[in-house]
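So this block is target_30.tsv, TSV, C-alpha atoms:
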chain	number	residue	atom	x	y	z
A	22	GLY	CA	56.50	-17.21	34.45
A	23	ALA	CA	54.89	-14.66	36.72
A	24	GLY	CA	52.24	-13.65	34.23
A	25	VAL	CA	50.81	-14.44	30.82
A	26	SER	CA	53.27	-13.33	28.17
A	27	GLN	CA	52.25	-12.48	24.63
A	28	SER	CA	54.44	-11.69	21.68
A	29	PRO	CA	54.84	-9.63	19.68
A	30	SER	CA	53.16	-6.74	21.48
A	31	ASN	CA	52.58	-4.99	18.16
A	32	LYS	CA	52.47	-6.38	14.64
A	33	VAL	CA	51.93	-4.51	11.41
A	34	THR	CA	51.48	-6.72	8.37
A	35	GLU	CA	50.46	-6.36	4.78
A	36	LYS	CA	47.13	-7.66	3.62
A	37	GLY	CA	47.44	-11.23	2.42
A	38	LYS	CA	50.40	-12.16	4.62
A	39	ASP	CA	50.28	-14.82	7.32
A	40	VAL	CA	50.94	-13.93	10.97
A	41	GLU	CA	51.65	-15.95	14.09
A	42	LEU	CA	50.83	-14.68	17.56
A	43	ARG	CA	52.31	-16.35	20.60
A	44	CYS	CA	51.00	-16.84	24.12
A	45	ASP	CA	53.05	-18.17	26.99
A	46	PRO	CA	50.65	-18.89	29.87
A	47	ILE	CA	51.39	-18.99	33.57
A	48	SER	CA	53.29	-22.15	34.43
A	49	GLY	CA	50.92	-24.91	35.51
A	50	HIS	CA	47.82	-23.30	34.07
A	51	THR	CA	45.94	-25.93	32.13
A	52	ALA	CA	43.26	-23.78	30.53
A	53	LEU	CA	43.99	-21.16	27.88
A	54	TYR	CA	41.74	-18.80	25.91
A	55	TRP	CA	42.21	-16.57	22.91
A	56	TYR	CA	39.98	-13.51	22.54
A	57	ARG	CA	39.87	-10.69	20.04
A	58	GLN	CA	39.07	-7.11	20.96
A	59	SER	CA	38.38	-4.67	18.14
A	60	LEU	CA	38.72	-0.94	18.75
A	61	GLY	CA	36.18	0.17	21.34
A	62	GLN	CA	34.47	-3.20	21.33
A	63	GLY	CA	34.01	-6.04	23.78
A	64	LEU	CA	35.71	-9.39	23.85
A	65	GLU	CA	35.12	-11.86	21.04
A	66	PHE	CA	35.81	-15.47	22.00
A	67	LEU	CA	38.04	-17.30	19.53
A	68	ILE	CA	39.26	-20.61	20.95
A	69	TYR	CA	39.59	-22.45	24.27
A	70	PHE	CA	42.12	-25.11	25.29
A	71	GLN	CA	41.54	-27.21	28.41
A	72	GLY	CA	44.28	-29.69	29.28
A	73	ASN	CA	44.48	-32.53	26.78
A	74	SER	CA	40.88	-32.19	25.63
A	75	ALA	CA	40.01	-31.25	22.08
A	76	PRO	CA	39.93	-27.46	21.83
A	77	ASP	CA	36.68	-25.52	21.55
A	78	LYS	CA	37.13	-23.78	18.20
A	79	SER	CA	33.59	-22.50	17.96
A	80	GLY	CA	34.63	-18.83	18.03
A	81	LEU	CA	37.12	-18.86	15.16
A	82	PRO	CA	35.67	-16.46	12.57
A	83	SER	CA	36.92	-18.26	9.46
A	84	ASP	CA	39.13	-21.10	8.30
A	85	ARG	CA	41.97	-18.59	7.95
A	86	PHE	CA	42.28	-18.73	11.73
A	87	SER	CA	43.86	-21.65	13.55
A	88	ALA	CA	45.52	-22.23	16.89
A	89	GLU	CA	47.57	-24.90	18.53
A	90	ARG	CA	48.93	-25.52	21.96
A	91	THR	CA	52.10	-27.54	22.16
A	92	GLY	CA	52.92	-29.60	25.21
A	93	GLY	CA	49.99	-28.14	27.09
A	94	SER	CA	51.82	-24.84	27.48
A	95	VAL	CA	52.67	-22.31	24.77
A	96	SER	CA	49.94	-21.51	22.27
A	97	THR	CA	50.22	-20.03	18.79
A	98	LEU	CA	47.36	-18.33	16.96
A	99	THR	CA	47.88	-18.25	13.21
A	100	ILE	CA	46.00	-16.02	10.80
A	101	GLN	CA	46.50	-16.83	7.15
A	102	ARG	CA	46.00	-14.38	4.29
A	103	THR	CA	45.27	-11.53	6.67
A	104	GLN	CA	42.51	-9.04	5.88
A	105	GLN	CA	42.02	-5.51	7.15
A	106	GLU	CA	39.09	-6.61	9.28
A	107	ASP	CA	41.50	-8.85	11.21
A	108	SER	CA	43.03	-5.72	12.75
A	109	ALA	CA	42.41	-5.91	16.50
A	110	VAL	CA	44.05	-6.66	19.81
A	111	TYR	CA	44.40	-10.39	20.34
A	112	LEU	CA	44.28	-11.35	24.00
A	113	CYS	CA	45.34	-14.58	25.62
A	114	ALA	CA	44.26	-15.68	29.10
A	115	SER	CA	45.07	-18.69	31.24
A	116	THR	CA	43.89	-20.25	34.47
A	117	THR	CA	44.01	-23.43	36.50
A	118	SER	CA	41.63	-26.14	35.42
A	119	GLY	CA	38.74	-25.04	37.58
A	120	GLY	CA	38.77	-21.45	36.42
A	121	TYR	CA	36.99	-20.25	39.51
A	122	LEU	CA	39.95	-18.09	40.52
A	123	GLY	CA	39.45	-16.09	37.35
A	124	TYR	CA	41.57	-15.84	34.27
A	125	THR	CA	44.84	-13.94	34.04
A	126	PHE	CA	45.13	-12.00	30.82
A	127	GLY	CA	48.21	-11.15	28.85
A	128	SER	CA	48.73	-7.61	27.63
A	129	GLY	CA	47.75	-8.60	24.12
A	130	THR	CA	49.11	-8.33	20.61
A	131	ARG	CA	47.92	-5.34	18.61
A	132	LEU	CA	47.62	-6.49	15.00
A	133	THR	CA	47.32	-3.93	12.23
A	134	VAL	CA	46.73	-5.11	8.69
A	135	VAL	CA	47.56	-2.48	6.08
B	15	GLY	CA	22.86	-20.52	25.84
B	16	ASP	CA	24.78	-18.86	28.62
B	17	SER	CA	25.30	-15.13	28.33
B	18	VAL	CA	26.06	-11.91	30.16
B	19	THR	CA	24.31	-8.61	29.62
B	20	GLN	CA	25.62	-5.36	31.02
B	21	MET	CA	24.47	-1.79	30.72
B	22	GLU	CA	25.66	0.15	27.74
B	23	GLY	CA	28.03	3.00	28.26
B	24	PRO	CA	29.57	5.30	28.43
B	25	VAL	CA	28.73	6.18	31.99
B	26	THR	CA	29.91	9.67	32.93
B	27	LEU	CA	30.09	10.67	36.59
B	28	SER	CA	31.62	13.42	38.65
B	29	GLU	CA	34.28	12.55	41.19
B	30	GLU	CA	32.86	11.20	44.48
B	31	ALA	CA	29.58	10.18	42.85
B	32	PHE	CA	28.00	6.77	43.48
B	33	LEU	CA	28.52	4.19	40.76
B	34	THR	CA	26.32	1.31	39.68
B	35	ILE	CA	27.00	-0.76	36.58
B	36	ASN	CA	24.29	-3.32	36.01
B	37	CYS	CA	25.06	-6.88	35.00
B	38	THR	CA	22.64	-9.75	34.54
B	39	TYR	CA	23.36	-13.25	33.39
B	40	THR	CA	21.79	-16.34	31.93
B	41	ALA	CA	23.30	-19.67	32.84
B	42	THR	CA	22.34	-23.19	33.73
B	43	GLY	CA	23.65	-24.55	36.97
B	44	TYR	CA	25.72	-22.45	39.33
B	45	PRO	CA	28.18	-20.17	37.59
B	46	SER	CA	30.93	-18.11	39.18
B	47	LEU	CA	30.75	-14.38	38.46
B	48	PHE	CA	33.50	-11.86	37.86
B	49	TRP	CA	34.19	-8.22	37.14
B	50	TYR	CA	37.23	-7.33	35.08
B	51	VAL	CA	38.62	-3.84	34.54
B	52	GLN	CA	40.59	-2.53	31.58
B	53	TYR	CA	42.39	0.76	32.14
B	54	PRO	CA	43.29	2.83	29.07
B	55	GLY	CA	46.02	1.17	27.06
B	56	GLU	CA	46.25	-1.81	29.36
B	57	GLY	CA	45.08	-5.42	29.48
B	58	LEU	CA	42.21	-6.85	31.49
B	59	GLN	CA	42.63	-7.29	35.22
B	60	LEU	CA	40.46	-9.26	37.57
B	61	LEU	CA	38.69	-6.78	39.86
B	62	LEU	CA	36.53	-9.04	42.00
B	63	LYS	CA	34.64	-12.32	41.97
B	64	ALA	CA	31.94	-14.34	43.68
B	65	THR	CA	31.57	-18.07	43.41
B	66	LYS	CA	28.15	-18.74	44.92
B	67	ALA	CA	24.82	-17.12	45.62
B	68	ASP	CA	24.81	-14.28	48.16
B	69	ASP	CA	28.61	-14.00	48.08
B	70	LYS	CA	29.92	-10.45	47.92
B	71	GLY	CA	33.10	-9.75	46.01
B	72	SER	CA	35.01	-6.61	46.90
B	73	ASN	CA	38.23	-4.89	45.93
B	74	LYS	CA	39.52	-1.29	45.75
B	75	GLY	CA	36.22	0.04	47.11
B	76	PHE	CA	34.16	-1.80	44.48
B	77	GLU	CA	31.56	-4.36	45.50
B	78	ALA	CA	29.22	-6.77	43.76
B	79	THR	CA	26.80	-9.28	45.26
B	80	TYR	CA	25.84	-12.52	43.54
B	81	ARG	CA	22.02	-12.45	43.43
B	82	LYS	CA	20.67	-15.75	42.16
B	83	GLU	CA	17.05	-14.69	42.53
B	84	THR	CA	17.53	-11.79	40.12
B	85	THR	CA	20.44	-13.38	38.20
B	86	SER	CA	22.44	-10.23	38.72
B	87	PHE	CA	25.92	-9.13	39.76
B	88	HIS	CA	25.79	-5.34	39.75
B	89	LEU	CA	29.02	-3.45	40.36
B	90	GLU	CA	28.92	-0.60	42.87
B	91	LYS	CA	31.28	1.93	44.37
B	92	GLY	CA	30.32	4.57	46.87
B	93	SER	CA	32.67	7.32	45.71
B	94	VAL	CA	34.40	7.12	42.35
B	95	GLN	CA	37.71	8.74	41.52
B	96	VAL	CA	39.14	9.97	38.23
B	97	SER	CA	41.53	7.02	38.36
B	98	ASP	CA	38.55	4.64	38.15
B	99	SER	CA	37.97	5.69	34.53
B	100	ALA	CA	38.19	2.45	32.59
B	101	VAL	CA	36.12	-0.18	30.81
B	102	TYR	CA	34.44	-2.69	33.11
B	103	PHE	CA	33.53	-6.20	31.95
B	104	CYS	CA	31.15	-8.56	33.71
B	105	ALA	CA	31.81	-12.26	33.15
B	106	LEU	CA	30.58	-15.68	34.17
B	107	LEU	CA	32.26	-19.07	34.35
B	108	ASN	CA	29.75	-21.83	33.79
B	109	ASN	CA	29.75	-25.37	35.04
B	110	PHE	CA	31.59	-26.47	31.90
B	111	ASN	CA	34.47	-24.14	32.77
B	112	LYS	CA	33.71	-21.81	29.89
B	113	PHE	CA	33.88	-18.05	30.29
B	114	TYR	CA	31.37	-15.59	28.88
B	115	PHE	CA	31.98	-11.86	28.89
B	116	GLY	CA	29.62	-8.93	28.67
B	117	SER	CA	30.26	-6.24	26.07
B	118	GLY	CA	31.91	-3.87	28.52
B	119	THR	CA	30.84	-0.56	30.05
B	120	LYS	CA	33.06	2.47	29.73
B	121	LEU	CA	33.22	4.68	32.81
B	122	ASN	CA	34.38	8.28	32.57
B	123	VAL	CA	34.92	10.10	35.85
B	124	LYS	CA	35.31	13.87	35.64
B	125	PRO	CA	37.11	15.91	38.29
Starting from the file, give its structure as structure tokens.
Amino acid sequence: GAGVSQSPSNKVTEKGKDVELRCDPISGHTALYWYRQSLGQGLEFLIYFQGNSAPDKSGLPSDRFSAERTGGSVSTLTIQRTQQEDSAVYLCASTTSGGYLGYTFGSGTRLTVV
Amino acid sequence: GDSVTQMEGPVTLSEEAFLTINCTYTATGYPSLFWYVQYPGEGLQLLLKATKADDKGSNKGFEATYRKETTSFHLEKGSVQVSDSAVYFCALLNNFNKFYFGSGTKLNVKP
């Protein structure tokens, strides 16, 4: 597609439920990031996929968080047993393998846990 | 480890004032440097970039020069407008193709 597409754009869920957030990167982009942005805060790195390499999961805050990338394209971020502190905007970004052109960000998924 | 440090905000300026947002970095090797902008209610957009020392990135009247000797990439604009009000993020891409972002600096421009 023309840009990075994320869905849903907004998600309200009850505490304890599982949620799945989807990212559809730009076609041909081999590298994909997930970040989290809490209200008024900076970007918190979550996970990084680069081609067929093992993902860099060093930013995942707990074992309730997981992500996969199927076929080197679409990625899904799953949060199990959501907590109120998980409320944030979850941003996805993709780029070509070199990354030197900069990342293109999606518009994010705003997650609210009530 | 690699990191980016940028000045804390918010920065409040009057229209047509000169803007500087400081950014310094720590990285091994030769990173590429970026400024991203996030307008209210929107996602992050690439504003400008520089891939090697002494390069100057520019866009929409904003400029930043990659200074290896001071490990800096300060963002400047000669005359800000109300429409420039946003959060600005400095970032680096290291030699392992990993991005690091600063914490963001909020700019408020008053008419």
Spatial neighbours of Phe66 (chain A), 12 Å, only C-alpha atoms, chain gap at least 5 places, as a PyMOL selection string: (chain A and resi 53-59+77-82+111-114) or (chain B and resi 112-117)
When you look at Glu56 (chain B) with a cut-off of 10 Å (counting all atoms listed in the file), what residues show up, excluding the ones that are within fewer than 2 positions of it in the same chain? I need them as a PDB file with C-alpha atoms, keeping the file's coordinate frame.
ATOM      1  CA  GLY A 127      48.210 -11.150  28.850  1.00  0.00           C
ATOM      2  CA  SER A 128      48.730  -7.610  27.630  1.00  0.00           C
ATOM      3  CA  GLY A 129      47.750  -8.600  24.120  1.00  0.00           C
TER       4      GLY A 129
ATOM      5  CA  VAL B  51      38.620  -3.840  34.540  1.00  0.00           C
ATOM      6  CA  GLN B  52      40.590  -2.530  31.580  1.00  0.00           C
ATOM      7  CA  TYR B  53      42.390   0.760  32.140  1.00  0.00           C
ATOM      8  CA  PRO B  54      43.290   2.830  29.070  1.00  0.00           C
ATOM      9  CA  LEU B  58      42.210  -6.850  31.490  1.00  0.00           C
ATOM     10  CA  GLN B  59      42.630  -7.290  35.220  1.00  0.00           C
ATOM     11  CA  ALA B 100      38.190   2.450  32.590  1.00  0.00           C
TER      12      ALA B 100
END
Interface residues on chain A facing chain B, 9 Å, only C-alpha atoms, written as number ranges by chain: A: 62-66, 69, 71, 112, 118-129
With C-alpha atoms retained, export the selected residues as a PDB file, in the frame of the given file.
ATOM      1  CA  GLN A  62      34.470  -3.200  21.330  1.00  0.00           C
ATOM      2  CA  GLY A  63      34.010  -6.040  23.780  1.00  0.00           C
ATOM      3  CA  LEU A  64      35.710  -9.390  23.850  1.00  0.00           C
ATOM      4  CA  GLU A  65      35.120 -11.860  21.040  1.00  0.00           C
ATOM      5  CA  PHE A  66      35.810 -15.470  22.000  1.00  0.00           C
ATOM      6  CA  TYR A  69      39.590 -22.450  24.270  1.00  0.00           C
ATOM      7  CA  GLN A  71      41.540 -27.210  28.410  1.00  0.00           C
ATOM      8  CA  LEU A 112      44.280 -11.350  24.000  1.00  0.00           C
ATOM      9  CA  SER A 118      41.630 -26.140  35.420  1.00  0.00           C
ATOM     10  CA  GLY A 119      38.740 -25.040  37.580  1.00  0.00           C
ATOM     11  CA  GLY A 120      38.770 -21.450  36.420  1.00  0.00           C
ATOM     12  CA  TYR A 121      36.990 -20.250  39.510  1.00  0.00           C
ATOM     13  CA  LEU A 122      39.950 -18.090  40.520  1.00  0.00           C
ATOM     14  CA  GLY A 123      39.450 -16.090  37.350  1.00  0.00           C
ATOM     15  CA  TYR A 124      41.570 -15.840  34.270  1.00  0.00           C
ATOM     16  CA  THR A 125      44.840 -13.940  34.040  1.00  0.00           C
ATOM     17  CA  PHE A 126      45.130 -12.000  30.820  1.00  0.00           C
ATOM     18  CA  GLY A 127      48.210 -11.150  28.850  1.00  0.00           C
ATOM     19  CA  SER A 128      48.730  -7.610  27.630  1.00  0.00           C
ATOM     20  CA  GLY A 129      47.750  -8.600  24.120  1.00  0.00           C
TER      21      GLY A 129
END
Minimum-distance residue to Ala41 (chain B), chosen among B:Ser86, B:Thr26, B:Thr79, B:Asn73 (using all atoms listed in the file):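 Under the stated criterion, the closest residue is B:Ser86.
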Atomic distance CA of Ser99 (chain B) - CA of Val25 (chain A), expressed in Å with one decimal: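 These two atoms are separated by 24.2 Å.
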Straight-line distance linking CA of Ser93 (chain B) with CA of Leu60 (chain A), stated in Å to one decimal: 28.8 Å
Interatomic distance (Å, one decimal) between CA of Tyr39 (chain B) and CA of Thr85 (chain B):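 So the answer is 5.6 Å.
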For Val134 (chain A): contacts at 12 Å, only C-alpha atoms, fewer than 6 positions along chain excluded, given as a list in words: Asn31, Lys32, Val33, Thr34, Glu35, Lys36, Gly37, Lys38, Asp39, Val40, Ile100, Gln101, Arg102, Thr103, Gln104, Gln105, Glu106, Asp107, Ser108, Ala109 and Val110 of chain A
Spatial neighbours of Leu27 (chain B), max dist 10 Å, only C-alpha atoms, sep filter under 4 positions, as a VMD selection string: chain B and resid 31 to 33 94 to 96 99 121 to 125
Writing out the chosen residues with C-alpha atoms as a PDB file, keeping the file's coordinate frame:
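Final output, saved to out_26.pdb:
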ATOM      1  CA  ALA B  31      29.580  10.180  42.850  1.00  0.00           C
ATOM      2  CA  PHE B  32      28.000   6.770  43.480  1.00  0.00           C
ATOM      3  CA  LEU B  33      28.520   4.190  40.760  1.00  0.00           C
ATOM      4  CA  VAL B  94      34.400   7.120  42.350  1.00  0.00           C
ATOM      5  CA  GLN B  95      37.710   8.740  41.520  1.00  0.00           C
ATOM      6  CA  VAL B  96      39.140   9.970  38.230  1.00  0.00           C
ATOM      7  CA  SER B  99      37.970   5.690  34.530  1.00  0.00           C
ATOM      8  CA  LEU B 121      33.220   4.680  32.810  1.00  0.00           C
ATOM      9  CA  ASN B 122      34.380   8.280  32.570  1.00  0.00           C
ATOM     10  CA  VAL B 123      34.920  10.100  35.850  1.00  0.00           C
ATOM     11  CA  LYS B 124      35.310  13.870  35.640  1.00  0.00           C
ATOM     12  CA  PRO B 125      37.110  15.910  38.290  1.00  0.00           C
TER      13      PRO B 125
END
Best match for closeness to Ala75 (chain A) among A:Arg90, A:Arg43, A:His50, A:Arg131, counting all atoms listed in the file: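 Distance minimum relative to Ala75 (chain A) lands on A:Arg90.
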Quick one: axis-aligned box around all listed atoms of region 57-76 of chain A, 5 Å on every side, centre and edge lengths in Å to one decimal, written as JSON.
{"center_x": 39.2, "center_y": -16.2, "center_z": 23.7, "size_x": 20.5, "size_y": 42.7, "size_z": 21.1}
Top pick for closest residue to Leu132 (chain A), considering A:Ser30, A:Asn73, A:Thr91, A:Thr117 and counting only C-alpha atoms: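 The shortest atom-to-atom distance to Leu132 (chain A) comes from A:Ser30.
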